[in-house]
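Asker: protein27.txt (compact mmCIF, C-alpha atoms and all ligand atoms) pasted underneath:
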```
# COMPACT_ATOMS: atom_id res chain seq x y z
CA MET A 1 16.80 -2.11 10.21
CA LYS A 2 16.42 -5.76 9.16
CA ASP A 3 12.79 -5.88 8.05
CA LEU A 4 9.97 -3.58 6.95
CA LEU A 5 6.85 -5.05 8.49
CA GLN A 6 4.70 -2.01 9.26
CA ILE A 7 4.75 1.78 9.29
CA ARG A 8 4.34 1.99 13.05
CA GLY A 9 7.79 2.20 14.57
CA LEU A 10 9.33 4.08 11.64
CA SER A 11 10.44 7.62 12.32
CA PRO A 12 9.43 10.55 10.10
CA GLU A 13 13.14 10.86 9.20
CA GLN A 14 13.29 7.24 8.00
CA ILE A 15 10.17 7.78 5.89
CA GLU A 16 11.55 11.01 4.44
CA SER A 17 14.85 9.35 3.58
CA ILE A 18 13.06 6.56 1.66
CA LEU A 19 10.89 9.12 -0.15
CA SER A 20 13.88 11.23 -1.04
CA ARG A 21 15.82 8.26 -2.52
CA ALA A 22 12.63 7.25 -4.35
CA GLY A 23 12.54 10.74 -5.88
CA GLU A 24 15.96 10.18 -7.44
CA TYR A 25 14.80 6.89 -8.95
CA PHE A 26 11.46 8.37 -10.09
CA ASP A 27 13.27 11.03 -12.11
CA VAL A 28 15.52 8.47 -13.81
CA VAL A 29 12.74 5.97 -14.53
CA THR A 30 10.27 8.54 -15.88
CA ALA A 31 12.99 10.01 -18.11
CA GLY A 32 13.33 6.57 -19.69
CA GLY A 33 16.69 5.80 -18.12
CA LYS A 34 17.73 2.66 -16.30
CA PRO A 35 19.61 3.19 -13.05
CA PHE A 36 22.93 1.39 -12.75
CA PRO A 37 22.85 -2.15 -11.40
CA LYS A 38 23.39 -1.30 -7.77
CA LEU A 39 22.00 -4.64 -6.61
CA LYS A 40 23.93 -6.83 -9.06
CA ASP A 41 24.64 -10.22 -7.46
CA ARG A 42 21.82 -9.66 -4.96
CA SER A 43 18.61 -11.67 -4.96
CA VAL A 44 14.98 -11.13 -4.05
CA ILE A 45 12.30 -13.78 -3.58
CA THR A 46 8.61 -12.86 -3.74
CA LEU A 47 6.36 -15.17 -1.74
CA PHE A 48 2.72 -14.20 -2.30
CA TYR A 49 0.02 -16.31 -0.66
CA GLU A 50 -2.63 -13.83 -1.88
CA ASN A 51 -3.27 -12.48 -5.36
CA SER A 52 -1.52 -9.36 -6.50
CA THR A 53 -0.96 -7.37 -9.68
CA ARG A 54 0.68 -4.12 -8.63
CA THR A 55 2.71 -5.02 -5.55
CA ARG A 56 4.32 -8.14 -6.93
CA ALA A 57 5.07 -6.77 -10.41
CA SER A 58 6.36 -3.59 -8.82
CA PHE A 59 8.80 -5.39 -6.49
CA GLU A 60 9.96 -7.58 -9.36
CA SER A 61 10.51 -4.60 -11.65
CA ALA A 62 12.18 -2.61 -8.88
CA ALA A 63 14.65 -5.41 -8.16
CA LYS A 64 15.36 -5.94 -11.87
CA TYR A 65 15.87 -2.22 -12.51
CA LEU A 66 18.61 -2.41 -9.90
CA GLY A 67 20.15 -5.52 -11.43
CA ALA A 68 19.08 -8.06 -8.77
CA GLU A 69 17.99 -11.62 -9.53
CA VAL A 70 14.31 -12.25 -8.78
CA VAL A 71 12.53 -15.51 -8.04
CA ASN A 72 8.74 -15.35 -7.87
CA LEU A 73 7.52 -18.35 -5.93
CA SER A 74 4.14 -19.33 -7.24
CA VAL A 75 2.46 -20.57 -4.07
CA SER A 76 -0.30 -22.39 -5.97
CA ALA A 77 2.36 -24.46 -7.79
CA SER A 78 4.66 -24.93 -4.78
CA SER A 79 5.03 -27.52 -2.03
CA VAL A 80 2.64 -25.39 0.06
CA GLN A 81 -0.02 -27.34 -1.85
CA LYS A 82 1.54 -30.58 -0.53
CA GLY A 83 1.06 -29.32 3.00
CA GLU A 84 4.45 -27.73 3.66
CA SER A 85 4.16 -25.34 6.60
CA LEU A 86 4.93 -21.64 6.51
CA LYS A 87 8.00 -22.24 8.68
CA ASP A 88 9.41 -25.01 6.49
CA THR A 89 8.74 -22.97 3.35
CA ALA A 90 10.53 -20.04 4.97
CA LEU A 91 13.56 -22.09 6.02
CA THR A 92 13.81 -23.68 2.56
CA LEU A 93 13.79 -20.33 0.83
CA ASP A 94 16.23 -18.83 3.32
CA ALA A 95 18.62 -21.70 2.68
CA MET A 96 18.95 -20.32 -0.86
CA CYS A 97 20.50 -17.20 0.71
CA PRO A 98 18.27 -14.47 -0.75
CA ASP A 99 18.90 -10.92 0.38
CA VAL A 100 15.21 -10.07 0.65
CA ILE A 101 11.96 -12.02 0.88
CA VAL A 102 8.83 -10.01 0.05
CA MET A 103 5.79 -11.69 1.51
CA ARG A 104 2.03 -11.27 1.19
CA HIS A 105 -0.30 -13.39 3.31
CA ALA A 106 -3.98 -13.42 4.25
CA GLN A 107 -3.11 -13.84 7.95
CA SER A 108 -2.24 -10.67 9.84
CA GLY A 109 1.20 -11.14 11.39
CA ALA A 110 2.50 -13.82 9.00
CA PRO A 111 5.45 -11.68 7.78
CA HIS A 112 6.42 -11.07 11.43
CA ARG A 113 6.67 -14.83 11.94
CA LEU A 114 8.71 -15.17 8.76
CA ALA A 115 11.07 -12.41 9.86
CA GLY A 116 11.79 -14.30 13.07
CA TRP A 117 12.82 -17.43 11.17
CA VAL A 118 14.97 -16.14 8.30
CA LYS A 119 18.26 -14.31 7.89
CA ALA A 120 17.00 -12.47 4.80
CA HIS A 121 15.42 -9.05 5.09
CA VAL A 122 11.64 -9.44 5.09
CA VAL A 123 9.34 -6.87 3.49
CA ASN A 124 5.64 -7.08 4.18
CA GLY A 125 3.74 -6.91 0.89
CA GLY A 126 0.39 -6.89 2.74
CA ASP A 127 -0.79 -9.08 5.63
CA GLY A 128 -4.48 -9.64 6.27
CA LEU A 129 -6.16 -6.58 7.70
CA HIS A 130 -3.00 -5.43 9.41
CA ALA A 131 -0.51 -3.54 7.26
CA HIS A 132 0.69 -2.72 3.77
CA PRO A 133 3.67 -0.48 4.50
CA THR A 134 5.02 -0.07 0.96
CA GLN A 135 1.56 1.00 -0.24
CA ALA A 136 1.50 3.75 2.38
CA LEU A 137 5.04 4.81 1.47
CA LEU A 138 4.17 5.02 -2.21
CA ASP A 139 1.00 6.94 -1.41
CA MET A 140 3.01 9.43 0.64
CA PHE A 141 5.63 9.67 -2.10
CA THR A 142 3.02 10.38 -4.79
CA ALA A 143 1.12 12.88 -2.66
CA GLN A 144 4.32 14.64 -1.66
CA ARG A 145 5.41 14.99 -5.28
CA HIS A 146 2.01 16.48 -6.04
CA PHE A 147 1.75 18.93 -3.13
CA GLY A 148 5.30 19.43 -1.89
CA SER A 149 5.22 19.13 1.90
CA LEU A 150 2.31 17.17 3.37
CA ASN A 151 2.62 18.80 6.78
CA GLY A 152 -0.71 20.43 7.75
CA ARG A 153 -2.68 18.82 4.91
CA THR A 154 -5.81 16.74 5.41
CA ALA A 155 -6.72 13.34 3.98
CA ALA A 156 -10.15 11.72 3.85
CA ILE A 157 -10.10 7.91 3.57
CA ILE A 158 -13.41 6.59 2.25
CA GLY A 159 -14.89 3.09 2.17
CA ASP A 160 -14.14 -0.31 3.64
CA ILE A 161 -11.92 0.76 6.52
CA GLU A 162 -12.55 -2.40 8.55
CA HIS A 163 -10.85 -4.74 6.09
CA SER A 164 -8.22 -2.32 4.82
CA ARG A 165 -4.55 -2.80 5.63
CA VAL A 166 -3.97 0.14 3.26
CA ALA A 167 -6.05 2.43 5.50
CA ARG A 168 -4.26 1.30 8.67
CA SER A 169 -0.79 1.85 7.21
CA ASN A 170 -1.76 5.17 5.67
CA ILE A 171 -3.25 6.52 8.90
CA TYR A 172 0.13 6.05 10.57
CA ALA A 173 2.21 7.30 7.63
CA MET A 174 0.03 10.37 7.12
CA THR A 175 0.09 11.40 10.75
CA LEU A 176 3.86 10.84 10.99
CA LEU A 177 4.21 13.34 8.14
CA GLY A 178 2.00 15.89 9.90
CA MET A 179 -1.33 15.26 8.20
CA LYS A 180 -4.79 15.10 9.68
CA VAL A 181 -6.84 12.00 8.76
CA LYS A 182 -10.63 11.69 8.52
CA LEU A 183 -12.51 8.47 7.79
CA PHE A 184 -15.94 7.79 6.33
CA GLY A 185 -17.65 4.60 5.20
CA PRO A 186 -20.61 2.33 5.81
CA SER A 187 -21.00 1.78 9.56
CA THR A 188 -20.80 -1.98 8.92
CA LEU A 189 -17.35 -1.45 7.39
CA MET A 190 -16.00 0.86 10.10
CA PRO A 191 -13.98 -0.80 12.91
CA SER A 192 -15.96 -0.61 16.15
CA ASP A 193 -13.05 0.89 18.05
CA MET A 194 -10.78 3.41 16.39
CA SER A 195 -9.82 5.04 19.70
CA GLY A 196 -6.17 3.98 19.48
CA MET A 197 -5.78 5.35 15.94
CA PRO A 198 -4.76 8.93 15.16
CA CYS A 199 -7.82 9.83 13.04
CA THR A 200 -11.45 10.99 13.29
CA VAL A 201 -14.51 9.10 12.09
CA CYS A 202 -17.04 11.27 10.17
CA SER A 203 -20.75 10.72 9.84
CA SER A 204 -21.23 12.06 6.30
CA MET A 205 -19.33 12.29 3.03
CA ARG A 206 -19.56 16.07 3.22
CA GLU A 207 -18.03 16.18 6.71
CA ALA A 208 -15.20 13.88 5.58
CA LEU A 209 -14.40 15.76 2.38
CA GLU A 210 -14.60 19.32 3.70
CA GLY A 211 -11.04 20.60 4.04
CA ALA A 212 -9.54 17.50 2.40
CA ASP A 213 -6.61 17.76 -0.03
CA ILE A 214 -6.33 14.01 -0.58
CA VAL A 215 -9.38 11.80 -0.93
CA MET A 216 -8.43 8.14 -0.81
CA ALA A 217 -11.02 5.59 -1.92
CA LEU A 218 -10.62 1.99 -0.79
CA ARG A 219 -11.68 -1.16 -2.58
CA ILE A 220 -14.51 -3.15 -1.04
CA GLN A 221 -12.67 -6.25 0.23
CA LEU A 222 -15.31 -8.85 -0.60
CA GLU A 223 -12.80 -11.67 -0.07
CA ARG A 224 -12.52 -10.72 3.62
CA MET A 225 -16.26 -10.41 4.29
CA LYS A 226 -18.29 -13.25 5.71
CA GLY A 227 -21.67 -11.87 4.69
CA GLY A 228 -23.27 -8.98 2.87
CA LEU A 229 -22.17 -5.89 4.77
CA PHE A 230 -23.80 -3.48 2.31
CA PRO A 231 -26.91 -3.88 0.15
CA SER A 232 -25.50 -3.69 -3.39
CA ALA A 233 -22.71 -2.19 -5.48
CA GLY A 234 -25.17 0.41 -6.83
CA GLU A 235 -26.22 1.50 -3.33
CA TYR A 236 -22.60 1.64 -2.25
CA ASN A 237 -21.75 3.89 -5.17
CA LYS A 238 -24.69 6.17 -4.41
CA TYR A 239 -23.71 6.81 -0.78
CA PHE A 240 -19.97 6.12 -0.61
CA GLY A 241 -18.70 6.42 -4.19
CA LEU A 242 -16.62 9.37 -5.34
CA ASN A 243 -17.69 11.48 -8.31
CA LYS A 244 -17.25 15.07 -9.49
CA ASP A 245 -20.28 16.23 -7.51
CA VAL A 246 -19.09 15.09 -4.11
CA MET A 247 -15.53 16.24 -4.84
CA LYS A 248 -16.92 19.80 -4.74
CA TYR A 249 -16.91 19.47 -0.93
CA ALA A 250 -13.12 18.92 -0.92
CA ASN A 251 -10.50 21.66 -1.18
CA ASP A 252 -9.75 23.20 -4.58
CA GLY A 253 -7.04 21.15 -6.22
CA ALA A 254 -7.84 18.04 -4.15
CA ILE A 255 -6.76 14.72 -5.67
CA ILE A 256 -8.25 11.24 -5.59
CA MET A 257 -6.04 8.26 -4.78
CA HIS A 258 -6.90 4.55 -4.90
CA PRO A 259 -4.55 1.66 -4.09
CA GLY A 260 -6.07 -0.56 -6.78
CA PRO A 261 -7.58 -2.72 -7.98
CA VAL A 262 -10.59 -0.45 -8.58
CA ASN A 263 -14.15 -1.68 -8.87
CA ARG A 264 -15.13 0.66 -11.70
CA GLY A 265 -18.39 2.48 -11.05
CA VAL A 266 -18.45 1.38 -7.40
CA GLU A 267 -15.78 3.18 -5.34
CA LEU A 268 -15.09 5.62 -8.17
CA SER A 269 -17.48 6.82 -10.85
CA HIS A 270 -16.22 7.05 -14.43
CA ASP A 271 -16.22 10.86 -14.41
CA VAL A 272 -13.39 10.92 -11.87
CA LEU A 273 -11.72 7.61 -12.66
CA ASP A 274 -10.68 8.67 -16.14
CA ASP A 275 -9.90 12.26 -15.17
CA PRO A 276 -6.57 13.79 -14.05
CA VAL A 277 -8.12 14.38 -10.60
CA CYS A 278 -7.50 10.66 -10.01
CA ILE A 279 -3.78 9.92 -9.81
CA LYS A 280 -3.92 6.13 -9.36
CA ASP A 281 -1.53 5.45 -12.27
CA ILE A 282 1.03 7.92 -10.95
CA GLN A 283 0.79 6.01 -7.66
CA VAL A 284 1.90 2.90 -9.55
CA THR A 285 4.99 4.63 -10.98
CA GLY A 286 5.66 6.03 -7.51
CA GLY A 287 5.40 2.49 -6.18
CA LEU A 288 8.16 1.30 -8.46
CA SER A 289 10.49 4.08 -7.30
CA VAL A 290 9.65 3.60 -3.63
CA ARG A 291 10.32 -0.14 -3.81
CA MET A 292 13.62 0.50 -5.60
CA ALA A 293 14.60 2.89 -2.82
CA LEU A 294 13.53 0.46 -0.13
CA LEU A 295 15.40 -2.55 -1.57
CA ASP A 296 18.48 -0.43 -2.13
CA MET A 297 18.46 1.08 1.36
CA LEU A 298 17.51 -2.10 3.22
CA ILE A 299 20.18 -4.20 1.53
CA GLY A 300 22.69 -1.37 1.80
CA GLY A 301 22.11 -1.03 5.58
CA GLU A 302 20.99 2.58 5.21
CA LEU A 303 17.80 2.37 7.26
N1 LIG A 401 -3.80 -3.84 -3.35
C1 LIG A 401 -4.16 -3.43 -2.01
C2 LIG A 401 -3.92 -4.55 -1.02
O1 LIG A 401 -3.38 -5.56 -1.36
C3 LIG A 401 -5.54 -2.89 -1.94
C4 LIG A 401 -6.63 -3.85 -2.33
O2 LIG A 401 -6.41 -5.01 -2.64
O3 LIG A 401 -7.78 -3.39 -2.28
O4 LIG A 401 -4.29 -4.39 0.13
```
Could you show the structure in this file as structure tokens?
Ligand code: ASP

Answerer:
Amino acid sequence: MKDLLQIRGLSPEQIESILSRAGEYFDVVTAGGKPFPKLKDRSVITLFYENSTRTRASFESAAKYLGAEVVNLSVSASSVQKGESLKDTALTLDAMCPDVIVMRHAQSGAPHRLAGWVKAHVVNGGDGLHAHPTQALLDMFTAQRHFGSLNGRTAAIIGDIEHSRVARSNIYAMTLLGMKVKLFGPSTLMPSDMSGMPCTVCSSMREALEGADIVMALRIQLERMKGGLFPSAGEYNKYFGLNKDVMKYANDGAIIMHPGPVNRGVELSHDVLDDPVCIKDIQVTGGLSVRMALLDMLIGGEL
């Protein structure tokens, strides 16, 4: 496999092999150890046209844990601001012979274009509304560590589905691992046609949460909305926010996940946000391990 651009097209076996390698790294990292420099003399460039805290820092840390050199191209301080095209930027970076380019872009499909132009492996760090494959992999990794096998479990994904690349990638990853997926959110933030997607759309929070083991809240993607698609943050929290009360509908032992960044008091109320029921910080540690596994396996030709 040259590139990781989306979850669709991966096999359950490929996903399981990444999660299993990530498990080895997770144990070493959380025990305070540094894995040996498996990627010494290798290099990774991050090319982020959209803001990021977790994904970019996580890829950088993952590469450095494995001994690779990392260059973070700051798009706002680059020749992109002088009008250089995506293709010319790509060819310039590729001429520096990196092993991997991790790209985030506001346009769906941009990493696919990049992958067609460069010799380096391309990893999609999130493109528009389309996909965020490493987020879905880290979500599956974290959930699997929590529950053991995910086969037969149910997830409820709540919130701004329309603008969420995280939801789209997770729907595919979850179903590939044998899970059932339910969706709930404001009707203005629900794609009009979900018929091609392996999931069901629910008409109430209760319907979505009943039987759920994983409840995934999504951030409201204000930067992708043209107008007000919901009345106010307070109203959103009242009808679509997660709190201890609504979590009573979910299965005993259900967990809350959130890809971050969280709008505190909007998607998640404080009573769950600062409670062990919400495992968003474990997701971040899982993300580091998953990205280490991915870089290692992609560069090593193991996928
Ligand atoms: N960090 C995730 C993404 O880049 C989720 C979010 O921004 O809401 O898609």

Asker: Box time for ligand LIG 401 (chain A): axis-aligned, enclosing all its listed atoms, 8 Å extra on each side; report centre and edge lengths in Å to one decimal, as JSON.

Answerer:
```
{"center_x": -5.6, "center_y": -4.2, "center_z": -1.6, "size_x": 20.4, "size_y": 18.7, "size_z": 19.5}
```

Asker: Quick one, how far is atom CA of Ala167 of chain A from atom CA of Gly287 of chain A?

Answerer: 16.4 Å

Asker: So which residues are near ligand LIG 401 (chain A), meaning at most 9 Å away with only C-alpha atoms and all ligand atoms counted, given back as a PDB file with C-alpha atoms, in the coordinates of the input?

Answerer:
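Wrote it out as selection.pdb, contents follow:
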```
ATOM      1  CA  GLU A  50      -2.630 -13.830  -1.880  1.00  0.00           C
ATOM      2  CA  ASN A  51      -3.270 -12.480  -5.360  1.00  0.00           C
ATOM      3  CA  SER A  52      -1.520  -9.360  -6.500  1.00  0.00           C
ATOM      4  CA  THR A  53      -0.960  -7.370  -9.680  1.00  0.00           C
ATOM      5  CA  ARG A  54       0.680  -4.120  -8.630  1.00  0.00           C
ATOM      6  CA  THR A  55       2.710  -5.020  -5.550  1.00  0.00           C
ATOM      7  CA  ARG A 104       2.030 -11.270   1.190  1.00  0.00           C
ATOM      8  CA  GLY A 125       3.740  -6.910   0.890  1.00  0.00           C
ATOM      9  CA  GLY A 126       0.390  -6.890   2.740  1.00  0.00           C
ATOM     10  CA  ASP A 127      -0.790  -9.080   5.630  1.00  0.00           C
ATOM     11  CA  GLY A 128      -4.480  -9.640   6.270  1.00  0.00           C
ATOM     12  CA  LEU A 129      -6.160  -6.580   7.700  1.00  0.00           C
ATOM     13  CA  ALA A 131      -0.510  -3.540   7.260  1.00  0.00           C
ATOM     14  CA  HIS A 132       0.690  -2.720   3.770  1.00  0.00           C
ATOM     15  CA  GLN A 135       1.560   1.000  -0.240  1.00  0.00           C
ATOM     16  CA  HIS A 163     -10.850  -4.740   6.090  1.00  0.00           C
ATOM     17  CA  SER A 164      -8.220  -2.320   4.820  1.00  0.00           C
ATOM     18  CA  ARG A 165      -4.550  -2.800   5.630  1.00  0.00           C
ATOM     19  CA  VAL A 166      -3.970   0.140   3.260  1.00  0.00           C
ATOM     20  CA  ALA A 167      -6.050   2.430   5.500  1.00  0.00           C
ATOM     21  CA  LEU A 218     -10.620   1.990  -0.790  1.00  0.00           C
ATOM     22  CA  ARG A 219     -11.680  -1.160  -2.580  1.00  0.00           C
ATOM     23  CA  ILE A 220     -14.510  -3.150  -1.040  1.00  0.00           C
ATOM     24  CA  GLN A 221     -12.670  -6.250   0.230  1.00  0.00           C
ATOM     25  CA  HIS A 258      -6.900   4.550  -4.900  1.00  0.00           C
ATOM     26  CA  PRO A 259      -4.550   1.660  -4.090  1.00  0.00           C
ATOM     27  CA  GLY A 260      -6.070  -0.560  -6.780  1.00  0.00           C
ATOM     28  CA  PRO A 261      -7.580  -2.720  -7.980  1.00  0.00           C
ATOM     29  CA  VAL A 262     -10.590  -0.450  -8.580  1.00  0.00           C
TER      30      VAL A 262
END
```

Asker: List as number ranges by chain the protein and nucleic acid residues near Val246 of chain A, meaning an atom at most 9 Å away when only C-alpha atoms are counted, but skip any in the same chain fewer than 4 places from it.

Answerer: A: 205-206, 209, 241-242, 250

Asker: I'd like the neighbourhood of Gln144 of chain A as a PyMOL selection string, where a residue qualifies if any of its atoms comes within 12 Å (using only C-alpha atoms), though same-chain residues fewer than 5 positions away should be ignored.

Answerer: chain A and resi 15-16+19-20+22-23+136-139+149-151+153+174+177-179+213-214+255+282-283+286

Asker: Could those selected residues go to a file with C-alpha atoms, as a CSV table (one decimal), in the coordinates of the input?

Answerer:
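So the final result, stored in out.csv, reads:
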```csv
chain,number,residue,atom,x,y,z
A,15,ILE,CA,10.2,7.8,5.9
A,16,GLU,CA,11.6,11.0,4.4
A,19,LEU,CA,10.9,9.1,-0.2
A,20,SER,CA,13.9,11.2,-1.0
A,22,ALA,CA,12.6,7.2,-4.4
A,23,GLY,CA,12.5,10.7,-5.9
A,136,ALA,CA,1.5,3.8,2.4
A,137,LEU,CA,5.0,4.8,1.5
A,138,LEU,CA,4.2,5.0,-2.2
A,139,ASP,CA,1.0,6.9,-1.4
A,149,SER,CA,5.2,19.1,1.9
A,150,LEU,CA,2.3,17.2,3.4
A,151,ASN,CA,2.6,18.8,6.8
A,153,ARG,CA,-2.7,18.8,4.9
A,174,MET,CA,0.0,10.4,7.1
A,177,LEU,CA,4.2,13.3,8.1
A,178,GLY,CA,2.0,15.9,9.9
A,179,MET,CA,-1.3,15.3,8.2
A,213,ASP,CA,-6.6,17.8,0.0
A,214,ILE,CA,-6.3,14.0,-0.6
A,255,ILE,CA,-6.8,14.7,-5.7
A,282,ILE,CA,1.0,7.9,-11.0
A,283,GLN,CA,0.8,6.0,-7.7
A,286,GLY,CA,5.7,6.0,-7.5
```

Asker: Choose the residue, out of A:Ser192, A:Thr154, A:Asn243, A:Asn263, that has the smallest atom-to-atom separation from Gly211 of chain A; count only C-alpha atoms.

Answerer: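 Going through A:Ser192, A:Thr154, A:Asn243, A:Asn263 one by one, the smallest distance to Gly211 of chain A is for A:Thr154.
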
Asker: By how many Å are atom CA of Ile101 of chain A and atom CA of Ile18 of chain A apart?

Answerer: 18.6 Å

Asker: In terms of the shortest atom-to-atom distance over all atoms listed in the file, which of A:Cys202, A:Ile45, A:Ser195, A:Ala217 is closest to Asp160 of chain A?

Answerer: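 So, comparing all the options, the nearest one is A:Ala217.
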
Asker: Counting only C-alpha atoms, figure out which residue out of A:Ile299, A:Met292, A:Leu189, A:Asp252 gets nearest to Val28 of chain A.

Answerer: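 Of A:Ile299, A:Met292, A:Leu189, A:Asp252, the one nearest Val28 of chain A, counting only C-alpha atoms, is A:Met292.
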
Asker: Which residue gives the smallest distance to Lys2 of chain A among A:Lys244, A:Arg42, A:His146, A:His112, with only C-alpha atoms counted?

Answerer: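 Going through A:Lys244, A:Arg42, A:His146, A:His112 one by one, the smallest distance to Lys2 of chain A is for A:His112.
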
Asker: Can you give me all heavy atoms for segment 245-252 of chain A, written as a compact mmCIF listing (two decimals), keeping the file's coordinate frame?

Answerer:
```
# COMPACT_ATOMS: atom_id res chain seq x y z
N ASP A 245 -19.37 15.48 -8.38
CA ASP A 245 -20.28 16.23 -7.51
C ASP A 245 -19.79 16.26 -6.07
O ASP A 245 -19.71 17.32 -5.45
CB ASP A 245 -21.68 15.62 -7.54
CG ASP A 245 -22.52 16.27 -8.63
OD1 ASP A 245 -22.02 17.25 -9.22
OD2 ASP A 245 -23.64 15.77 -8.87
N VAL A 246 -19.50 15.07 -5.52
CA VAL A 246 -19.09 15.09 -4.11
C VAL A 246 -17.71 15.72 -3.93
O VAL A 246 -17.42 16.30 -2.89
CB VAL A 246 -19.13 13.69 -3.43
CG1 VAL A 246 -20.52 13.15 -3.34
CG2 VAL A 246 -18.18 12.71 -4.07
N MET A 247 -16.87 15.65 -4.97
CA MET A 247 -15.53 16.24 -4.84
C MET A 247 -15.60 17.76 -4.67
O MET A 247 -14.61 18.38 -4.27
CB MET A 247 -14.66 15.86 -6.05
CG MET A 247 -14.12 14.43 -5.99
SD MET A 247 -13.10 14.09 -4.53
CE MET A 247 -11.59 15.01 -4.91
N LYS A 248 -16.78 18.35 -4.95
CA LYS A 248 -16.92 19.80 -4.74
C LYS A 248 -16.80 20.16 -3.25
O LYS A 248 -16.48 21.29 -2.90
CB LYS A 248 -18.28 20.28 -5.26
CG LYS A 248 -18.33 20.27 -6.78
CD LYS A 248 -19.62 20.86 -7.31
CE LYS A 248 -19.69 20.67 -8.83
NZ LYS A 248 -20.96 20.19 -9.30
N TYR A 249 -17.05 19.20 -2.37
CA TYR A 249 -16.91 19.47 -0.93
C TYR A 249 -15.44 19.60 -0.54
O TYR A 249 -15.10 20.22 0.47
CB TYR A 249 -17.50 18.33 -0.09
CG TYR A 249 -18.97 18.11 -0.26
CD1 TYR A 249 -19.49 16.82 -0.41
CD2 TYR A 249 -19.88 19.17 -0.25
CE1 TYR A 249 -20.85 16.59 -0.55
CE2 TYR A 249 -21.24 18.95 -0.39
CZ TYR A 249 -21.72 17.66 -0.54
OH TYR A 249 -23.05 17.43 -0.67
N ALA A 250 -14.55 18.94 -1.30
CA ALA A 250 -13.12 18.92 -0.92
C ALA A 250 -12.46 20.24 -1.31
O ALA A 250 -13.05 21.08 -1.99
CB ALA A 250 -12.43 17.75 -1.64
N ASN A 251 -11.24 20.43 -0.85
CA ASN A 251 -10.50 21.66 -1.18
C ASN A 251 -10.27 21.78 -2.69
O ASN A 251 -10.18 20.76 -3.38
CB ASN A 251 -9.12 21.63 -0.50
CG ASN A 251 -9.23 21.97 0.99
OD1 ASN A 251 -10.28 22.37 1.46
ND2 ASN A 251 -8.13 21.80 1.71
N ASP A 252 -10.13 23.01 -3.17
CA ASP A 252 -9.75 23.20 -4.58
C ASP A 252 -8.41 22.51 -4.80
O ASP A 252 -7.51 22.62 -3.97
CB ASP A 252 -9.57 24.70 -4.88
CG ASP A 252 -10.91 25.40 -4.95
OD1 ASP A 252 -11.95 24.72 -5.04
OD2 ASP A 252 -10.91 26.65 -4.87
```
